[in-house]
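Participant: data-v3.cif (mmCIF, C-alpha atoms) pasted underneath:
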data_my_file
loop_
_atom_site.label_atom_id
_atom_site.label_comp_id
_atom_site.auth_asym_id
_atom_site.auth_seq_id
_atom_site.Cartn_x
_atom_site.Cartn_y
_atom_site.Cartn_z
CA GLN A 1 0.00 0.00 0.00
CA PHE A 2 2.86 2.36 0.81
CA ILE A 3 4.41 1.84 -2.64
CA ILE A 4 1.06 2.42 -4.32
CA ILE A 5 0.56 5.70 -2.42
CA ILE A 6 4.01 6.96 -3.47
CA TYR A 7 3.35 5.99 -7.10
CA LEU A 8 -0.01 7.79 -7.14
CA HIS A 9 1.57 10.85 -5.53
CA LYS A 10 4.27 10.86 -8.26
CA ILE A 11 1.64 10.66 -10.98
CA GLU A 12 -0.23 13.59 -9.41
CA ILE A 13 2.91 15.75 -9.32
CA GLU A 14 3.80 14.99 -12.96
CA SER A 15 0.24 15.82 -14.07
CA THR A 16 0.52 19.29 -12.51
CA MET A 17 3.89 20.07 -14.18
CA THR A 18 3.85 22.24 -17.32
CA ARG A 19 4.86 20.95 -20.69
CA LYS A 20 7.90 23.20 -20.88
CA SER A 21 9.37 21.82 -17.66
CA LYS A 22 9.23 18.26 -19.04
CA GLN A 23 11.36 19.12 -22.08
CA PRO A 24 15.14 18.68 -21.83
CA GLY A 25 16.77 22.09 -21.51
CA GLY A 26 13.49 23.72 -20.56
CA HIS A 27 15.08 25.23 -17.47
CA ASN A 28 18.27 27.17 -17.03
CA PRO A 29 21.02 24.63 -16.24
CA LEU A 30 23.23 27.31 -14.68
CA THR A 31 22.51 29.30 -11.56
CA TYR A 32 22.99 33.06 -11.35
CA ALA A 33 26.26 32.68 -9.44
CA GLU A 34 27.62 30.20 -12.01
CA THR A 35 26.61 32.43 -14.94
CA LYS A 36 28.25 35.45 -13.33
CA ARG A 37 31.43 33.49 -12.65
CA LEU A 38 31.57 32.20 -16.23
CA LYS A 39 31.00 35.67 -17.71
CA SER A 40 33.97 37.00 -15.79
CA SER A 41 36.12 34.38 -17.53
CA GLY A 42 34.88 35.28 -21.05
CA TYR A 43 31.92 32.92 -21.43
CA GLY A 44 28.79 34.19 -23.13
CA THR A 45 27.98 37.68 -24.40
CA GLN A 46 30.07 40.32 -22.63
CA SER A 47 28.54 43.75 -22.02
CA THR A 48 29.86 46.80 -20.25
CA ARG A 49 28.65 50.31 -19.57
CA LEU A 50 30.72 53.04 -21.22
CA THR A 51 31.66 56.07 -19.16
CA SER A 52 32.28 59.66 -20.25
CA GLN A 53 36.01 58.91 -20.55
CA SER A 54 35.22 56.46 -23.37
CA MET A 55 33.12 58.97 -25.33
CA LEU A 56 34.39 61.55 -27.79
CA PRO A 57 33.40 65.06 -26.67
CA PHE A 58 32.09 67.57 -29.17
CA GLY A 59 34.83 69.51 -30.93
CA HIS A 60 37.48 66.77 -30.73
CA CYS A 61 39.07 65.27 -33.85
CA CYS A 62 37.34 62.04 -34.88
CA LEU A 63 40.62 60.66 -36.22
CA SER A 64 43.20 61.57 -33.59
CA LEU A 65 40.62 61.54 -30.74
CA SER A 66 42.26 64.61 -29.24
CA GLN A 67 41.37 68.26 -28.89
CA ILE A 68 41.83 70.28 -32.06
CA GLU A 69 44.68 72.73 -31.59
CA GLY A 70 44.87 74.29 -35.04
CA ASP A 71 42.38 74.66 -37.88
CA ALA A 72 39.22 72.58 -37.71
CA VAL A 73 37.34 71.22 -40.72
CA ALA A 74 34.09 69.33 -41.16
CA THR A 75 33.08 66.78 -43.76
CA PRO A 76 29.68 66.68 -45.52
CA SER A 77 28.68 63.87 -43.12
CA GLY A 78 29.08 66.23 -40.13
CA HIS A 79 32.23 64.80 -38.55
CA ILE A 80 34.85 67.22 -37.24
CA TYR A 81 38.59 66.72 -37.88
CA SER A 82 41.83 68.55 -37.43
CA ARG A 83 42.98 69.83 -40.82
CA GLU A 84 46.51 68.53 -40.36
CA THR A 85 45.31 65.05 -39.39
CA ILE A 86 42.70 64.58 -42.13
CA VAL A 87 45.01 65.93 -44.85
CA GLN A 88 47.75 63.51 -43.80
CA TYR A 89 45.17 60.70 -43.83
CA LEU A 90 44.01 61.56 -47.36
CA LEU A 91 47.57 61.75 -48.68
CA THR A 92 48.44 58.38 -47.18
CA LYS A 93 45.27 56.72 -48.50
CA ASN A 94 45.74 58.18 -51.98
CA ARG A 95 49.26 56.73 -52.06
CA GLU A 96 47.94 53.32 -51.00
CA LEU A 97 45.15 53.44 -53.60
CA LYS A 98 47.68 54.27 -56.30
CA GLU A 99 49.71 51.18 -55.41
CA GLN A 100 46.58 49.02 -55.30
CA LYS A 101 45.50 50.28 -58.73
CA ALA A 102 48.92 49.46 -60.19
CA GLU A 103 48.73 45.92 -58.75
CA TYR A 104 45.19 45.45 -60.06
CA GLU A 105 46.18 46.62 -63.54
CA ARG A 106 49.14 44.23 -63.52
CA GLN A 107 46.89 41.27 -62.67
CA ARG A 108 44.33 42.37 -65.25
CA LEU A 109 47.06 42.61 -67.90
CA GLN A 110 48.19 39.05 -67.12
CA VAL A 111 44.66 37.78 -67.75
CA GLU A 112 44.48 39.71 -71.03
CA ASN A 113 47.82 38.29 -72.15
CA ARG A 114 46.66 34.74 -71.39
CA ARG A 115 43.47 35.38 -73.36
CA VAL A 116 45.40 36.68 -76.39
CA GLU A 117 47.79 33.71 -76.22
CA TRP A 118 44.90 31.26 -76.02
CA GLU A 119 43.15 32.89 -78.99
CA GLU A 120 46.33 32.67 -81.06
CA LYS A 121 46.69 28.97 -80.23
CA GLN A 122 43.07 28.32 -81.15
CA GLN A 123 43.49 30.17 -84.43
CA MET A 124 46.62 28.21 -85.31
CA LYS A 125 44.87 24.97 -84.40
CA SER A 126 41.92 25.85 -86.61
CA GLN A 127 44.22 26.67 -89.52
CA GLN A 128 46.08 23.37 -89.17
CA GLN A 129 42.85 21.41 -89.06
CA PHE A 130 41.63 23.23 -92.15
CA ARG A 131 44.84 22.47 -94.08
CA ARG A 132 44.73 18.80 -93.09
CA LYS A 133 41.16 18.50 -94.22
CA ASP A 134 41.55 20.46 -97.45
CA GLN A 135 44.89 19.28 -98.84
CA GLY A 136 44.43 15.54 -98.49
CA ALA A 137 46.55 12.77 -97.11
CA MET A 138 49.88 13.91 -98.63
CA SER A 139 49.63 17.46 -97.28
CA ASN A 140 48.57 16.08 -93.92
CA ALA A 141 51.76 13.99 -93.75
CA LEU A 142 53.91 17.03 -94.68
CA VAL A 143 52.32 19.13 -91.95
CA LEU A 144 52.94 16.43 -89.35
CA LYS A 145 56.56 16.11 -90.47
CA GLY A 146 57.05 19.88 -90.27
CA ASP A 147 55.61 19.95 -86.74
CA GLY A 148 58.21 17.40 -85.59
CA GLY A 149 55.71 14.59 -85.06
CA ASP A 150 56.67 10.98 -85.66
CA GLY A 151 53.54 10.14 -87.61
CA PRO A 152 52.65 6.57 -86.62
CA GLU A 153 53.19 7.19 -82.90
CA GLU A 154 51.01 10.30 -82.90
CA LYS A 155 48.36 8.48 -84.91
CA THR A 156 48.40 5.61 -82.40
CA GLU A 157 48.11 8.05 -79.46
CA ASN A 158 45.17 9.84 -81.09
CA SER A 159 43.42 6.55 -81.73
CA LEU A 160 43.94 5.47 -78.12
CA SER A 161 42.52 8.72 -76.81
CA HIS A 162 39.22 7.95 -78.53
CA VAL A 163 38.79 4.41 -77.19
CA SER A 164 40.76 4.51 -73.91
CA TYR A 165 38.64 7.00 -71.95
CA TRP A 166 40.40 6.08 -68.69
CA LEU A 167 43.70 7.64 -69.79
CA SER A 168 44.68 10.93 -68.09
CA SER A 169 45.06 12.63 -71.48
CA SER A 170 41.41 11.89 -72.28
CA GLN A 171 40.05 13.65 -69.17
CA PRO A 172 38.48 17.13 -69.49
CA ASP A 173 40.66 18.52 -66.68
CA ALA A 174 43.84 17.47 -68.48
CA ALA A 175 42.67 19.20 -71.66
CA ALA A 176 41.87 22.36 -69.71
CA ALA A 177 45.28 22.28 -67.99
CA ALA A 178 46.94 21.93 -71.37
CA GLY A 179 45.36 25.18 -72.49
CA ASP A 180 42.51 23.86 -74.65
CA GLN A 181 39.96 25.85 -72.62
CA PHE A 182 40.03 29.39 -71.28
CA ASP A 183 37.15 31.02 -69.41
CA TYR A 184 37.75 34.77 -69.65
CA GLU A 185 34.80 35.76 -67.47
CA LYS A 186 35.82 33.32 -64.76
CA GLU A 187 39.36 34.67 -64.77
CA ILE A 188 38.09 38.25 -64.43
CA MET A 189 35.72 37.30 -61.61
CA ALA A 190 38.61 35.65 -59.76
CA LEU A 191 40.47 38.96 -59.61
CA PRO A 192 40.10 41.10 -56.48
CA SER A 193 37.66 43.98 -56.68
CA PRO A 194 39.17 47.13 -58.19
CA PRO A 195 40.18 49.79 -55.65
CA PRO A 196 37.96 52.89 -55.38
CA ASP A 197 38.89 56.14 -57.05
CA ARG A 198 38.74 58.15 -53.83
CA PRO A 199 39.75 57.26 -50.25
CA PRO A 200 36.84 56.65 -47.86
CA SER A 201 35.97 58.95 -45.00
CA PRO A 202 37.34 57.60 -41.69
CA MET A 203 33.91 57.67 -40.03
CA SER A 204 31.15 57.56 -42.68
CA GLY A 205 33.02 55.46 -45.28
CA GLU A 206 31.84 57.69 -48.14
CA PRO A 207 34.36 58.82 -50.80
CA LEU A 208 36.08 61.97 -49.60
CA LYS A 209 37.97 64.61 -51.56
CA LEU A 210 40.30 67.26 -50.24
CA LYS A 211 38.12 70.05 -51.62
CA GLN A 212 35.11 68.69 -49.72
CA LEU A 213 36.65 69.67 -46.37
CA ILE A 214 34.75 72.62 -44.93
CA PRO A 215 36.69 74.99 -42.64
CA ILE A 216 34.81 75.81 -39.43
CA HIS A 217 35.50 78.17 -36.53
CA LEU A 218 35.37 76.61 -33.06
CA VAL A 219 35.03 78.94 -30.06
CA HIS A 220 36.66 77.35 -27.00
CA GLU A 221 35.78 78.15 -23.43
CA GLN A 222 38.44 80.21 -21.67
CA ASN A 223 38.39 78.79 -18.15
CA GLU A 224 41.19 78.18 -15.68
CA ARG A 225 39.49 75.00 -14.44
CA ILE A 226 39.93 72.75 -17.46
CA SER A 227 38.12 69.42 -17.28
CA ASN A 228 39.66 66.08 -18.11
CA ASN A 229 38.23 66.27 -21.63
CA GLY A 230 39.84 69.63 -22.35
CA GLU A 231 38.27 72.97 -23.15
CA ARG A 232 34.61 72.92 -24.09
CA VAL A 233 33.31 74.32 -27.37
CA LEU A 234 30.88 77.23 -27.14
CA CYS A 235 28.07 78.34 -29.41
CA SER A 236 29.33 81.27 -31.45
CA VAL A 237 26.06 83.16 -30.89
CA SER A 238 24.78 82.33 -27.40
CA GLN A 239 28.17 81.40 -25.86
CA LYS A 240 26.60 78.29 -24.32
CA ARG A 241 28.47 75.03 -24.00
CA ILE A 242 27.94 72.48 -26.76
CA THR A 243 28.09 69.02 -25.20
CA THR A 244 25.38 66.59 -26.33
CA GLN A 245 23.00 69.07 -27.99
CA ASP A 246 22.28 69.27 -31.71
CA ALA A 247 24.65 71.68 -33.46
CA VAL A 248 24.95 73.00 -37.00
CA ALA A 249 27.62 74.77 -39.01
CA ILE A 250 27.13 77.34 -41.77
CA LYS A 251 29.34 76.53 -44.72
CA SER A 252 29.64 80.07 -46.07
CA SER A 253 30.78 81.60 -42.76
CA GLY A 254 32.15 78.57 -40.86
CA GLN A 255 30.29 79.47 -37.66
CA VAL A 256 29.18 76.68 -35.31
CA MET A 257 26.06 77.19 -33.21
CA LEU A 258 23.37 75.30 -31.39
CA LYS A 259 20.52 74.12 -33.58
CA SER A 260 17.94 75.77 -31.33
CA VAL A 261 19.75 79.12 -31.67
CA PHE A 262 20.08 78.59 -35.41
CA ASN A 263 16.35 77.93 -35.83
CA GLU A 264 15.49 81.01 -33.78
CA LEU A 265 17.95 83.62 -35.07
CA ALA A 266 19.54 82.51 -38.34
CA LYS A 267 17.02 80.39 -40.24
CA PRO A 268 14.17 82.96 -40.48
CA THR A 269 16.39 85.51 -42.30
CA MET A 270 18.90 83.02 -43.81
CA THR A 271 21.67 85.30 -42.53
CA CYS A 272 24.59 84.38 -40.27
CA PRO A 273 24.13 86.19 -36.92
CA VAL A 274 27.90 86.58 -36.45
CA THR A 275 29.20 87.63 -39.88
CA GLY A 276 25.98 88.84 -41.52
CA LYS A 277 26.60 86.69 -44.62
CA LYS A 278 23.70 85.20 -46.52
CA PHE A 279 23.51 81.43 -46.87
CA LYS A 280 21.34 78.83 -48.59
CA ASP A 281 19.86 75.55 -47.45
CA LYS A 282 22.75 73.60 -49.00
CA ASP A 283 25.19 75.54 -46.79
CA ILE A 284 23.70 74.09 -43.58
CA ILE A 285 25.69 71.15 -42.16
CA THR A 286 24.32 69.13 -39.25
CA LEU A 287 27.27 68.19 -37.06
CA ILE A 288 27.58 64.88 -35.22
CA LYS A 289 26.59 65.26 -31.59
CA GLY A 290 28.98 64.66 -28.74
CA LYS A 291 28.28 61.82 -26.32
CA SER A 292 28.56 61.33 -22.60
CA GLY A 293 28.07 58.53 -20.10
CA PHE A 294 24.35 59.27 -19.77
CA ALA A 295 21.91 57.08 -21.69
CA ALA A 296 20.13 60.13 -23.14
CA SER A 297 23.18 60.96 -25.29
CA GLY A 298 22.95 57.68 -27.23
CA ASN A 299 24.16 54.13 -26.94
CA VAL A 300 26.35 53.83 -23.84
CA GLU A 301 26.68 50.05 -23.72
CA ALA A 302 29.20 47.93 -25.59
CA LYS A 303 28.57 44.24 -26.27
CA LYS A 304 30.76 41.40 -27.48
CA TYR A 305 29.11 38.16 -28.53
CA ASN A 306 30.73 34.87 -27.59
CA PRO A 307 29.17 31.50 -28.47
CA THR A 308 27.75 29.45 -25.63
CA LEU A 309 26.93 25.78 -25.12
CA THR A 310 23.32 26.34 -23.97
#
Using structure tokens, write down the structure that the file contains.
Facilitator:
Amino acid sequence: QFIIIIYLHKIEIESTMTRKSKQPGGHNPLTYAETKRLKSSGYGTQSTRLTSQSMLPFGHCCLSLSQIEGDAVATPSGHIYSRETIVQYLLTKNRELKEQKAEYERQRLQVENRRVEWEEKQQMKSQQQFRRKDQGAMSNALVLKGDGGDGPEEKTENSLSHVSYWLSSSQPDAAAAAGDQFDYEKEIMALPSPPPDRPPSPMSGEPLKLKQLIPIHLVHEQNERISNNGERVLCSVSQKRITTQDAVAIKSSGQVMLKSVFNELAKPTMTCPVTGKKFKDKDIITLIKGKSGFAASGNVEAKKYNPTLT
């Protein structure tokens, strides 16, 4: 009776369990402490919260990641660079692209030479076949003698190639290796992709020219108490700090200001409040915002995916 009671109690417990709990792997095989200990050793997806020290403040060079000491320029994508740094980058990339183009042209020329050589061989082969067929048996023997062939041996080898299909010379791969086939399109597709005409922008990846760099005027805060990130950039109109707010630059005058100030003072008259110069809609450049450790400034978490066994 005792065994029957235990069996019935077991059946009652299993009937109350959900379907998910009965499946293998339906529950987490690792406890919280085990998961935390494994993550510290590199197991699973790693994530960390970025602080303000890991963010690039507004007005710093996107390439050197340091405060701009000299002239500042902006690209059409809205990224700010030091003129010296971005010019050196473009010169270096242009030199690398020139070398890559020379290497690509050399490989392309090799393919073209192989194609011309193959076409010449095919043309000569066609001419020989035509002469053998047109001039009869005597001319065929003269051609074979002029080519250095032994006659009977070559005839025997040709006859064997028709009936002995297991010979290596009768296989399609052997004929292709001997130069009887040449796939021009396949050879071209096997080449690496041609290098671009212009170097890419370091941040946006779009083609960038030297004449596309737009000079801008950054007003730095003059304060004895300089923060760890250096001097802050001020709005040229309101003299307010530009940290994580939206900012724009006017291409014709190079002035940088807050977008709220621009919409209030400059956009209604389409005139720069500092220099008084007129500008058009195409002269307005929206600059990339600065970021901080607060979540409101953007993505402040970095993740690295590692495969797991669960």
Participant: Could you check the closest approach to His60 in chain A for each of A:Gln46, A:Thr269, A:Ser297, A:Thr85 and tell me which residue wins, using all atoms listed in the file?
Facilitator: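 Smallest distance to His60 in chain A is found for A:Thr85.
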Participant: If I take CA of Pro195 in chain A and CA of Thr92 in chain A, how far is one from the other in Å, to one decimal?
Facilitator: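 We find that CA of Pro195 in chain A and CA of Thr92 in chain A lie 14.6 Å from each other.
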Participant: Which residues of range 52-125 of chain A come within 9 Å of range 239-244 of chain A, and for each one, what is the closest pair of atoms and their distance in Å to one decimal, counting all atoms listed in the file, sorted by chain and residue number, as JSON lines?
Facilitator:
{"residue": "A:Pro57", "atom": "CA", "partner": "A:Thr243", "partner_atom": "CA", "distance": 6.8}
{"residue": "A:Phe58", "atom": "CA", "partner": "A:Thr243", "partner_atom": "CA", "distance": 5.8}
{"residue": "A:Gly59", "atom": "CA", "partner": "A:Ile242", "partner_atom": "CA", "distance": 8.6}
Participant: For Ile188 in chain A, please output as an MDAnalysis selection string all residues within 10 Å (counting all atoms listed in the file; exclusion window: fewer than 6 positions along the same chain).
Facilitator: chainID A and resid 107:108 111:112
Participant: Find the residues around range 62-69 of chain A up to 7 Å (all atoms listed in the file counted), leave out those fewer than 5 positions away in its own chain, and share them as a PDB file with C-alpha atoms, in the coordinates of the input.
Facilitator:
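Output file result-v3.pdb follows:
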ATOM      1  CA  LEU A  56      34.390  61.550 -27.790  1.00  0.00           C
ATOM      2  CA  HIS A  79      32.230  64.800 -38.550  1.00  0.00           C
ATOM      3  CA  ILE A  80      34.850  67.220 -37.240  1.00  0.00           C
ATOM      4  CA  TYR A  81      38.590  66.720 -37.880  1.00  0.00           C
ATOM      5  CA  SER A  82      41.830  68.550 -37.430  1.00  0.00           C
ATOM      6  CA  GLY A 230      39.840  69.630 -22.350  1.00  0.00           C
TER       7      GLY A 230
END
Participant: Out of A:Thr286, A:Pro199, A:Pro307, A:Ala72, which residue has the shortest atom-to-atom distance to Arg95 in chain A when counting only C-alpha atoms?
Facilitator: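 Between A:Thr286, A:Pro199, A:Pro307, A:Ala72, the residue approaching Arg95 in chain A most closely is A:Pro199.
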Participant: Of the candidates A:Thr45, A:Ser253, A:Gln110, A:Ser126, which one gets nearest to His217 in chain A if we count all atoms listed in the file?
Facilitator: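 That would be A:Ser253, the residue with the smallest distance to His217 in chain A.
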Participant: Can you list, as a list in words, the residues that the PyMOL selection byres ((chain A and resi 50) around 9) selects here?
Facilitator: Thr48, Arg49, Thr51, Ser52, Gln53, Ser54, Met55, Ser292, Gly293, Asn299, Val300, Glu301 and Ala302 of chain A
Participant: Give me the residues within 12 Å of Lys277 in chain A as a count of residues only, counting all atoms listed in the file and dropping any in the same chain fewer than 5 places off.
Facilitator: 12
Participant: Would you mind completing range 188-222 of chain A to N, CA and C atoms and writing the output as a CSV table (one decimal), in the frame of the given file?
Facilitator:
chain,number,residue,atom,x,y,z
A,188,ILE,N,38.3,36.9,-64.9
A,188,ILE,CA,38.1,38.2,-64.4
A,188,ILE,C,37.4,38.3,-63.1
A,189,MET,N,36.4,37.3,-62.9
A,189,MET,CA,35.7,37.3,-61.6
A,189,MET,C,36.6,36.9,-60.5
A,190,ALA,N,37.7,36.1,-60.8
A,190,ALA,CA,38.6,35.6,-59.8
A,190,ALA,C,39.5,36.8,-59.3
A,191,LEU,N,39.6,37.8,-60.0
A,191,LEU,CA,40.5,39.0,-59.6
A,191,LEU,C,39.9,39.7,-58.4
A,192,PRO,N,40.7,40.3,-57.6
A,192,PRO,CA,40.1,41.1,-56.5
A,192,PRO,C,39.4,42.3,-57.0
A,193,SER,N,38.5,42.8,-56.2
A,193,SER,CA,37.7,44.0,-56.7
A,193,SER,C,38.6,45.2,-56.9
A,194,PRO,N,38.3,46.0,-57.9
A,194,PRO,CA,39.2,47.1,-58.2
A,194,PRO,C,39.1,48.1,-57.1
A,195,PRO,N,40.2,48.8,-56.7
A,195,PRO,CA,40.2,49.8,-55.6
A,195,PRO,C,39.3,51.0,-56.0
A,196,PRO,N,38.8,51.7,-55.1
A,196,PRO,CA,38.0,52.9,-55.4
A,196,PRO,C,38.8,54.0,-55.9
A,197,ASP,N,38.2,55.0,-56.5
A,197,ASP,CA,38.9,56.1,-57.0
A,197,ASP,C,39.3,57.1,-56.0
A,198,ARG,N,38.5,57.2,-54.9
A,198,ARG,CA,38.7,58.2,-53.8
A,198,ARG,C,38.9,57.4,-52.5
A,199,PRO,N,39.7,57.9,-51.6
A,199,PRO,CA,39.8,57.3,-50.2
A,199,PRO,C,38.5,57.5,-49.5
A,200,PRO,N,38.1,56.5,-48.6
A,200,PRO,CA,36.8,56.6,-47.9
A,200,PRO,C,37.0,57.6,-46.7
A,201,SER,N,35.9,58.1,-46.2
A,201,SER,CA,36.0,59.0,-45.0
A,201,SER,C,36.2,58.0,-43.8
A,202,PRO,N,37.0,58.5,-42.8
A,202,PRO,CA,37.3,57.6,-41.7
A,202,PRO,C,36.1,57.2,-40.9
A,203,MET,N,35.1,58.0,-40.9
A,203,MET,CA,33.9,57.7,-40.0
A,203,MET,C,32.7,57.2,-40.9
A,204,SER,N,32.3,57.9,-41.9
A,204,SER,CA,31.2,57.6,-42.7
A,204,SER,C,31.4,56.5,-43.7
A,205,GLY,N,32.7,56.4,-44.2
A,205,GLY,CA,33.0,55.5,-45.3
A,205,GLY,C,32.7,56.0,-46.7
A,206,GLU,N,32.2,57.2,-46.8
A,206,GLU,CA,31.8,57.7,-48.1
A,206,GLU,C,33.1,58.2,-48.8
A,207,PRO,N,33.2,58.2,-50.1
A,207,PRO,CA,34.4,58.8,-50.8
A,207,PRO,C,34.5,60.3,-50.4
A,208,LEU,N,35.8,60.6,-50.1
A,208,LEU,CA,36.1,62.0,-49.6
A,208,LEU,C,37.2,62.6,-50.4
A,209,LYS,N,37.0,63.8,-50.8
A,209,LYS,CA,38.0,64.6,-51.6
A,209,LYS,C,38.5,65.7,-50.7
A,210,LEU,N,39.7,66.2,-51.0
A,210,LEU,CA,40.3,67.3,-50.2
A,210,LEU,C,39.5,68.6,-50.3
A,211,LYS,N,38.9,68.8,-51.5
A,211,LYS,CA,38.1,70.0,-51.6
A,211,LYS,C,36.8,70.0,-50.9
A,212,GLN,N,36.4,68.8,-50.4
A,212,GLN,CA,35.1,68.7,-49.7
A,212,GLN,C,35.2,69.1,-48.2
A,213,LEU,N,36.5,69.3,-47.8
A,213,LEU,CA,36.6,69.7,-46.4
A,213,LEU,C,36.2,71.1,-46.2
A,214,ILE,N,35.4,71.3,-45.2
A,214,ILE,CA,34.8,72.6,-44.9
A,214,ILE,C,35.4,73.2,-43.7
A,215,PRO,N,36.1,74.4,-43.8
A,215,PRO,CA,36.7,75.0,-42.6
A,215,PRO,C,35.6,75.6,-41.7
A,216,ILE,N,35.8,75.3,-40.4
A,216,ILE,CA,34.8,75.8,-39.4
A,216,ILE,C,35.6,76.5,-38.3
A,217,HIS,N,34.9,77.4,-37.6
A,217,HIS,CA,35.5,78.2,-36.5
A,217,HIS,C,34.9,77.7,-35.2
A,218,LEU,N,35.8,77.1,-34.4
A,218,LEU,CA,35.4,76.6,-33.1
A,218,LEU,C,35.8,77.6,-32.0
A,219,VAL,N,34.8,78.0,-31.2
A,219,VAL,CA,35.0,78.9,-30.1
A,219,VAL,C,35.2,78.1,-28.8
A,220,HIS,N,36.4,78.1,-28.2
A,220,HIS,CA,36.7,77.4,-27.0
A,220,HIS,C,36.4,78.2,-25.7
A,221,GLU,N,36.0,77.5,-24.7
A,221,GLU,CA,35.8,78.2,-23.4
A,221,GLU,C,37.1,78.5,-22.8
A,222,GLN,N,37.2,79.8,-22.4
A,222,GLN,CA,38.4,80.2,-21.7
A,222,GLN,C,38.2,80.1,-20.2
